[in-house]
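Novice: Next comes query_20.cif, mmCIF, C-alpha atoms:
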data_target
#
loop_
_atom_site.group_PDB
_atom_site.id
_atom_site.type_symbol
_atom_site.label_atom_id
_atom_site.label_comp_id
_atom_site.auth_asym_id
_atom_site.auth_seq_id
_atom_site.Cartn_x
_atom_site.Cartn_y
_atom_site.Cartn_z
ATOM 1 C CA MET A 1 -21.028 -38.923 -36.234
ATOM 2 C CA LYS A 2 -23.239 -35.879 -36.681
ATOM 3 C CA LYS A 3 -23.475 -35.419 -32.911
ATOM 4 C CA VAL A 4 -19.689 -35.507 -32.539
ATOM 5 C CA LEU A 5 -19.243 -32.918 -35.307
ATOM 6 C CA LEU A 6 -21.906 -30.717 -33.727
ATOM 7 C CA LEU A 7 -20.159 -30.863 -30.327
ATOM 8 C CA VAL A 8 -16.772 -30.066 -31.907
ATOM 9 C CA PHE A 9 -18.288 -27.123 -33.791
ATOM 10 C CA LEU A 10 -19.976 -25.744 -30.629
ATOM 11 C CA PHE A 11 -16.755 -26.144 -28.634
ATOM 12 C CA ALA A 12 -14.718 -24.342 -31.322
ATOM 13 C CA THR A 13 -17.296 -21.533 -31.429
ATOM 14 C CA ALA A 14 -17.212 -21.123 -27.651
ATOM 15 C CA ILE A 15 -13.408 -20.912 -27.676
ATOM 16 C CA SER A 16 -13.413 -18.277 -30.402
ATOM 17 C CA PHE A 17 -15.801 -16.074 -28.390
ATOM 18 C CA ALA A 18 -13.697 -16.525 -25.241
ATOM 19 C CA GLN A 19 -10.635 -15.199 -27.046
ATOM 20 C CA ASP A 20 -12.434 -12.113 -28.348
ATOM 21 C CA LYS A 21 -10.646 -9.046 -26.973
ATOM 22 C CA GLU A 22 -12.215 -5.829 -25.804
ATOM 23 C CA LYS A 23 -12.052 -3.180 -28.493
ATOM 24 C CA GLU A 24 -9.041 -0.923 -28.333
ATOM 25 C CA TYR A 25 -9.878 2.713 -28.761
ATOM 26 C CA PRO A 26 -7.505 5.401 -30.053
ATOM 27 C CA GLN A 27 -7.446 7.136 -26.654
ATOM 28 C CA ASP A 28 -6.086 3.924 -25.062
ATOM 29 C CA LYS A 29 -3.276 3.286 -27.528
ATOM 30 C CA ASP A 30 0.053 4.951 -26.675
ATOM 31 C CA LYS A 31 -1.625 7.910 -24.951
ATOM 32 C CA LYS A 32 -0.219 8.296 -21.467
ATOM 33 C CA HIS A 33 -0.605 12.021 -20.713
ATOM 34 C CA GLU A 34 -3.566 14.220 -19.773
ATOM 35 C CA VAL A 35 -3.964 17.940 -19.187
ATOM 36 C CA LYS A 36 -7.090 19.270 -17.473
ATOM 37 C CA VAL A 37 -8.685 22.484 -16.244
ATOM 38 C CA ASN A 38 -11.141 22.532 -13.347
ATOM 39 C CA VAL A 39 -14.127 24.463 -14.724
ATOM 40 C CA LEU A 40 -15.996 24.347 -11.395
ATOM 41 C CA THR A 41 -13.405 26.539 -9.678
ATOM 42 C CA LEU A 42 -13.384 28.953 -12.626
ATOM 43 C CA VAL A 43 -17.162 29.407 -12.474
ATOM 44 C CA ALA A 44 -17.881 29.136 -8.734
ATOM 45 C CA GLY A 45 -14.771 30.753 -7.295
ATOM 46 C CA PRO A 46 -11.796 32.925 -8.098
ATOM 47 C CA TRP A 47 -9.365 30.004 -8.606
ATOM 48 C CA ILE A 48 -7.469 28.773 -11.620
ATOM 49 C CA ASP A 49 -6.872 25.036 -11.214
ATOM 50 C CA ALA A 50 -4.885 23.124 -13.855
ATOM 51 C CA SER A 51 -3.683 19.503 -13.713
ATOM 52 C CA TYR A 52 -1.303 17.142 -15.460
ATOM 53 C CA GLU A 53 -1.773 13.378 -15.142
ATOM 54 C CA ARG A 54 0.566 10.587 -16.277
ATOM 55 C CA LEU A 55 -1.039 7.187 -16.864
ATOM 56 C CA ILE A 56 1.123 4.367 -15.488
ATOM 57 C CA ASN A 57 -1.059 1.504 -16.744
ATOM 58 C CA GLU A 58 -4.748 0.704 -17.187
ATOM 59 C CA GLU A 59 -5.380 0.787 -13.427
ATOM 60 C CA SER A 60 -3.259 3.616 -12.022
ATOM 61 C CA SER A 61 -1.841 7.085 -12.603
ATOM 62 C CA TYR A 62 -0.120 9.944 -10.841
ATOM 63 C CA GLY A 63 -0.349 13.659 -11.375
ATOM 64 C CA LEU A 64 0.088 17.214 -10.173
ATOM 65 C CA SER A 65 -2.537 19.893 -9.742
ATOM 66 C CA ALA A 66 -1.750 23.593 -9.296
ATOM 67 C CA THR A 67 -4.334 26.038 -7.941
ATOM 68 C CA TYR A 68 -3.939 29.803 -7.843
ATOM 69 C CA ASN A 69 -6.350 32.310 -6.298
ATOM 70 C CA THR A 70 -6.956 35.346 -8.524
ATOM 71 C CA ASN A 71 -8.788 37.302 -5.796
ATOM 72 C CA THR A 72 -7.572 36.808 -2.204
ATOM 73 C CA ASP A 73 -10.285 39.172 -0.888
ATOM 74 C CA GLU A 74 -12.975 36.577 -1.700
ATOM 75 C CA SER A 75 -11.235 33.427 -0.484
ATOM 76 C CA ASP A 76 -8.722 32.405 2.183
ATOM 77 C CA LEU A 77 -6.755 30.030 -0.058
ATOM 78 C CA ASN A 78 -3.832 31.716 -1.809
ATOM 79 C CA TYR A 79 -2.296 28.795 -3.755
ATOM 80 C CA ALA A 80 -2.018 25.005 -3.626
ATOM 81 C CA ILE A 81 0.255 22.430 -5.236
ATOM 82 C CA THR A 82 -1.291 18.968 -5.042
ATOM 83 C CA PRO A 83 0.476 15.770 -6.136
ATOM 84 C CA TYR A 84 -1.777 12.705 -6.280
ATOM 85 C CA TYR A 85 -1.934 8.989 -7.047
ATOM 86 C CA ARG A 86 -5.061 7.339 -8.486
ATOM 87 C CA ARG A 87 -6.301 3.775 -8.652
ATOM 88 C CA TYR A 88 -9.035 3.014 -11.221
ATOM 89 C CA PHE A 89 -11.643 0.298 -10.681
ATOM 90 C CA SER A 90 -13.128 -0.389 -14.106
ATOM 91 C CA GLY A 91 -12.310 -2.784 -16.901
ATOM 92 C CA LYS A 92 -11.400 0.059 -19.246
ATOM 93 C CA PHE A 93 -8.079 1.857 -19.626
ATOM 94 C CA ALA A 94 -7.669 4.489 -16.834
ATOM 95 C CA ARG A 95 -11.280 5.628 -16.681
ATOM 96 C CA GLY A 96 -14.382 5.084 -14.623
ATOM 97 C CA PHE A 97 -14.529 5.100 -10.815
ATOM 98 C CA PHE A 98 -11.284 5.912 -8.976
ATOM 99 C CA VAL A 99 -9.896 6.484 -5.492
ATOM 100 C CA GLU A 100 -7.155 9.056 -5.043
ATOM 101 C CA GLY A 101 -4.616 9.721 -2.317
ATOM 102 C CA PHE A 102 -3.158 13.226 -2.330
ATOM 103 C CA GLY A 103 -0.846 15.601 -0.540
ATOM 104 C CA ALA A 104 -1.247 19.356 -0.747
ATOM 105 C CA LEU A 105 1.243 22.131 -0.073
ATOM 106 C CA PHE A 106 -0.851 25.275 0.270
ATOM 107 C CA SER A 107 -0.909 28.838 1.508
ATOM 108 C CA ALA A 108 -4.028 30.094 3.290
ATOM 109 C CA ARG A 109 -5.059 33.118 5.315
ATOM 110 C CA ASN A 110 -5.044 32.586 9.066
ATOM 111 C CA TYR A 111 -6.900 34.971 11.350
ATOM 112 C CA TYR A 112 -5.516 35.733 14.808
ATOM 113 C CA GLY A 113 -7.909 36.973 17.437
ATOM 114 C CA PHE A 114 -11.249 38.534 16.597
ATOM 115 C CA SER A 115 -10.001 41.250 14.275
ATOM 116 C CA SER A 116 -9.358 40.837 10.563
ATOM 117 C CA ASN A 117 -6.407 43.261 10.917
ATOM 118 C CA ASN A 118 -4.236 40.466 12.353
ATOM 119 C CA GLU A 119 -4.278 38.211 9.313
ATOM 120 C CA GLU A 120 -1.441 36.633 7.412
ATOM 121 C CA PHE A 121 -0.910 33.777 4.996
ATOM 122 C CA GLU A 122 0.449 30.540 6.436
ATOM 123 C CA THR A 123 1.894 27.587 4.584
ATOM 124 C CA GLY A 124 0.372 24.213 5.354
ATOM 125 C CA PHE A 125 0.623 20.616 4.249
ATOM 126 C CA ALA A 126 -2.387 18.320 4.037
ATOM 127 C CA LEU A 127 -2.890 14.638 3.314
ATOM 128 C CA GLY A 128 -6.225 13.381 2.081
ATOM 129 C CA VAL A 129 -8.393 11.023 0.061
ATOM 130 C CA SER A 130 -10.717 11.681 -2.885
ATOM 131 C CA VAL A 131 -13.164 9.668 -4.942
ATOM 132 C CA GLY A 132 -14.341 10.396 -8.437
ATOM 133 C CA GLY A 133 -15.093 9.286 -11.935
ATOM 134 C CA LYS A 134 -13.467 9.894 -15.301
ATOM 135 C CA PHE A 135 -15.091 9.689 -18.708
ATOM 136 C CA VAL A 136 -13.033 9.622 -21.928
ATOM 137 C CA SER A 137 -14.384 10.171 -25.444
ATOM 138 C CA LYS A 138 -13.144 8.250 -28.476
ATOM 139 C CA LYS A 139 -11.230 11.362 -29.591
ATOM 140 C CA GLY A 140 -9.413 11.623 -26.222
ATOM 141 C CA PHE A 141 -11.375 14.421 -24.524
ATOM 142 C CA THR A 142 -11.893 13.833 -20.796
ATOM 143 C CA THR A 143 -14.443 14.860 -18.203
ATOM 144 C CA GLU A 144 -13.815 14.235 -14.542
ATOM 145 C CA LEU A 145 -15.820 14.565 -11.326
ATOM 146 C CA LEU A 146 -13.897 14.685 -8.029
ATOM 147 C CA LEU A 147 -14.713 15.072 -4.336
ATOM 148 C CA GLY A 148 -12.256 14.728 -1.461
ATOM 149 C CA VAL A 149 -10.974 16.130 1.802
ATOM 150 C CA GLY A 150 -7.605 16.353 3.512
ATOM 151 C CA ARG A 151 -6.302 17.427 6.909
ATOM 152 C CA ASN A 152 -3.683 20.105 7.576
ATOM 153 C CA LEU A 153 -0.735 18.458 9.358
ATOM 154 C CA VAL A 154 1.640 21.406 9.808
ATOM 155 C CA ARG A 155 0.186 23.551 12.553
ATOM 156 C CA ASP A 156 -2.935 24.341 14.490
ATOM 157 C CA SER A 157 -4.717 27.010 12.490
ATOM 158 C CA ASN A 158 -8.175 28.016 11.391
ATOM 159 C CA TYR A 159 -7.549 26.266 8.077
ATOM 160 C CA GLU A 160 -7.515 22.664 9.364
ATOM 161 C CA GLY A 161 -9.352 20.939 6.507
ATOM 162 C CA PHE A 162 -8.334 20.983 2.867
ATOM 163 C CA PRO A 163 -11.132 20.405 0.332
ATOM 164 C CA ARG A 164 -10.592 18.878 -3.086
ATOM 165 C CA ILE A 165 -13.558 19.301 -5.414
ATOM 166 C CA GLY A 166 -13.836 19.627 -9.141
ATOM 167 C CA ILE A 167 -15.475 19.154 -12.469
ATOM 168 C CA SER A 168 -12.611 19.096 -14.946
ATOM 169 C CA VAL A 169 -12.355 18.935 -18.715
ATOM 170 C CA GLY A 170 -9.200 17.992 -20.549
ATOM 171 C CA TYR A 171 -7.465 16.063 -23.264
ATOM 172 C CA ARG A 172 -5.568 12.746 -23.307
ATOM 173 C CA PHE A 173 -2.540 12.636 -25.630
#
What is this file in structure tokens?

Specialist:
Amino acid sequence: MKKVLLLVFLFATAISFAQDKEKEYPQDKDKKHEVKVNVLTLVAGPWIDASYERLINEESSYGLSATYNTNTDESDLNYAITPYYRRYFSGKFARGFFVEGFGALFSARNYYGFSSNNEEFETGFALGVSVGGKFVSKKGFTTELLLGVGRNLVRDSNYEGFPRIGISVGYRF
């Protein structure tokens, strides 16, 4: 009889551990919006890059990033509007490793000939892929690393590739 009771007790204990849920953190509960600023572009270049991201569920999100060049003498990119979709590959709510597909409507300087006198800004559209990682604190602050590249599909110009790079900080609310 003791052996039967011991087996029943061990079975009940195993079931109770199997039903134990992962802890829910405050940043996962009813928080579906994020705002971010790319600090890498602020420090390394003359761009202001801000993003909004809407969390669909624990595995995916979509968002919009807007980049503006504050000094067109230093860089060829004038502005960019980049919508994106992300797919997360971790067991936690919309964080960890992700793959992103994006489109970018941008304006960049195009040089004609060998002289810089014949320059003008052209509008282009690029499609691309990025990879990255997102880290979220218990208070909802986010840090994100991102690296990607896209290809200009509109016309043949000197600005054929479209880079997407960033180290962003933000807040989930």

Novice: Report as a list in words the full result of the PyMOL selection byres ((chain A and resi 141) around 9) when it is applied to this structure.

Specialist: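 Residues picked by the PyMOL selection byres ((chain A and resi 141) around 9): Gln27, Phe135, Val136, Ser137, Lys138, Lys139, Gly140, Thr142, Thr143, Val169, Gly170, Tyr171 and Arg172 of chain A.
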
Novice: Those residues you just picked out, can you put them in a file as a JSON list (two decimals), in the coordinates of the input with C-alpha atoms?

Specialist:
[["chain", "number", "residue", "atom", "x", "y", "z"],
["A", 27, "GLN", "CA", -7.45, 7.14, -26.65],
["A", 135, "PHE", "CA", -15.09, 9.69, -18.71],
["A", 136, "VAL", "CA", -13.03, 9.62, -21.93],
["A", 137, "SER", "CA", -14.38, 10.17, -25.44],
["A", 138, "LYS", "CA", -13.14, 8.25, -28.48],
["A", 139, "LYS", "CA", -11.23, 11.36, -29.59],
["A", 140, "GLY", "CA", -9.41, 11.62, -26.22],
["A", 142, "THR", "CA", -11.89, 13.83, -20.80],
["A", 143, "THR", "CA", -14.44, 14.86, -18.20],
["A", 169, "VAL", "CA", -12.36, 18.93, -18.72],
["A", 170, "GLY", "CA", -9.20, 17.99, -20.55],
["A", 171, "TYR", "CA", -7.46, 16.06, -23.26],
["A", 172, "ARG", "CA", -5.57, 12.75, -23.31]]

Novice: Which is closest to Ala126 (chain A) among A:Ser90, A:Ser65, A:Asn152, A:Ser107, if we use only C-alpha atoms?

Specialist: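 Closest to Ala126 (chain A) of all the choices is A:Asn152.
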
Novice: Convert the output of the PyMOL selection byres ((chain A and resi 93-100) around 7) on the shown file into explicit residues, formatted as a PyMOL selection string.

Specialist: chain A and resi 28+58-60+84-92+101-102+129-136

Novice: Can you work out the spacing between CA of Gly161 (chain A) and CA of Val35 (chain A) in Å, to one decimal?

Specialist: 26.4 Å

Novice: At what distance in Å, to one decimal, does CA of Leu145 (chain A) lie from CA of Tyr68 (chain A)?

Specialist: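 Separation between CA of Tyr68 (chain A) and CA of Leu145 (chain A): 19.6 Å.
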
Novice: Could you tell me how far CA of Lys29 (chain A) lies from CA of Ile165 (chain A), in Å and to one decimal?

Specialist: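 Here the two named atoms are 29.2 Å from each other.
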
Novice: Going by the chain IDs and residue numbers used in this file, which residues fall under the PyMOL selection byres ((chain A and resi 45) around 10)? Write them as number ranges by chain.

Specialist: A: 39-44, 46-48, 69-71, 74-75

Novice: Please return as a ChimeraX atom specification every residue within 10 Å of (2.8, 26.7, -9.7), taking into account only C-alpha atoms and the file's own coordinates.

Specialist: /A:49-50,64-68,79-82

Novice: For the residues in that selection, give me C-alpha atoms as an mmCIF file, in the coordinates of the input.

Specialist:
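Contents of the output file part.cif:
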data_model
loop_
_atom_site.group_PDB
_atom_site.id
_atom_site.type_symbol
_atom_site.label_atom_id
_atom_site.label_comp_id
_atom_site.auth_asym_id
_atom_site.auth_seq_id
_atom_site.Cartn_x
_atom_site.Cartn_y
_atom_site.Cartn_z
ATOM 1 C CA ASP A 49 -6.872 25.036 -11.214
ATOM 2 C CA ALA A 50 -4.885 23.124 -13.855
ATOM 3 C CA LEU A 64 0.088 17.214 -10.173
ATOM 4 C CA SER A 65 -2.537 19.893 -9.742
ATOM 5 C CA ALA A 66 -1.750 23.593 -9.296
ATOM 6 C CA THR A 67 -4.334 26.038 -7.941
ATOM 7 C CA TYR A 68 -3.939 29.803 -7.843
ATOM 8 C CA TYR A 79 -2.296 28.795 -3.755
ATOM 9 C CA ALA A 80 -2.018 25.005 -3.626
ATOM 10 C CA ILE A 81 0.255 22.430 -5.236
ATOM 11 C CA THR A 82 -1.291 18.968 -5.042
#

Novice: Report, as JSON, the centre and edge lengths in Å (one decimal) of the axis-aligned box enclosing every listed atom of region 135-151 of chain A, padded by 3 Å on each side.

Specialist:
{"center_x": -11.1, "center_y": 12.8, "center_z": -11.3, "size_x": 15.5, "size_y": 15.2, "size_z": 42.5}

Novice: Restricting the calculation to all atoms listed in the file: of A:Glu120, A:Glu144, A:Asp73, A:Glu34, which residue gets closest to Glu53 (chain A)?

Specialist: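 Among A:Glu120, A:Glu144, A:Asp73, A:Glu34, it is A:Glu34 that comes nearest to Glu53 (chain A).
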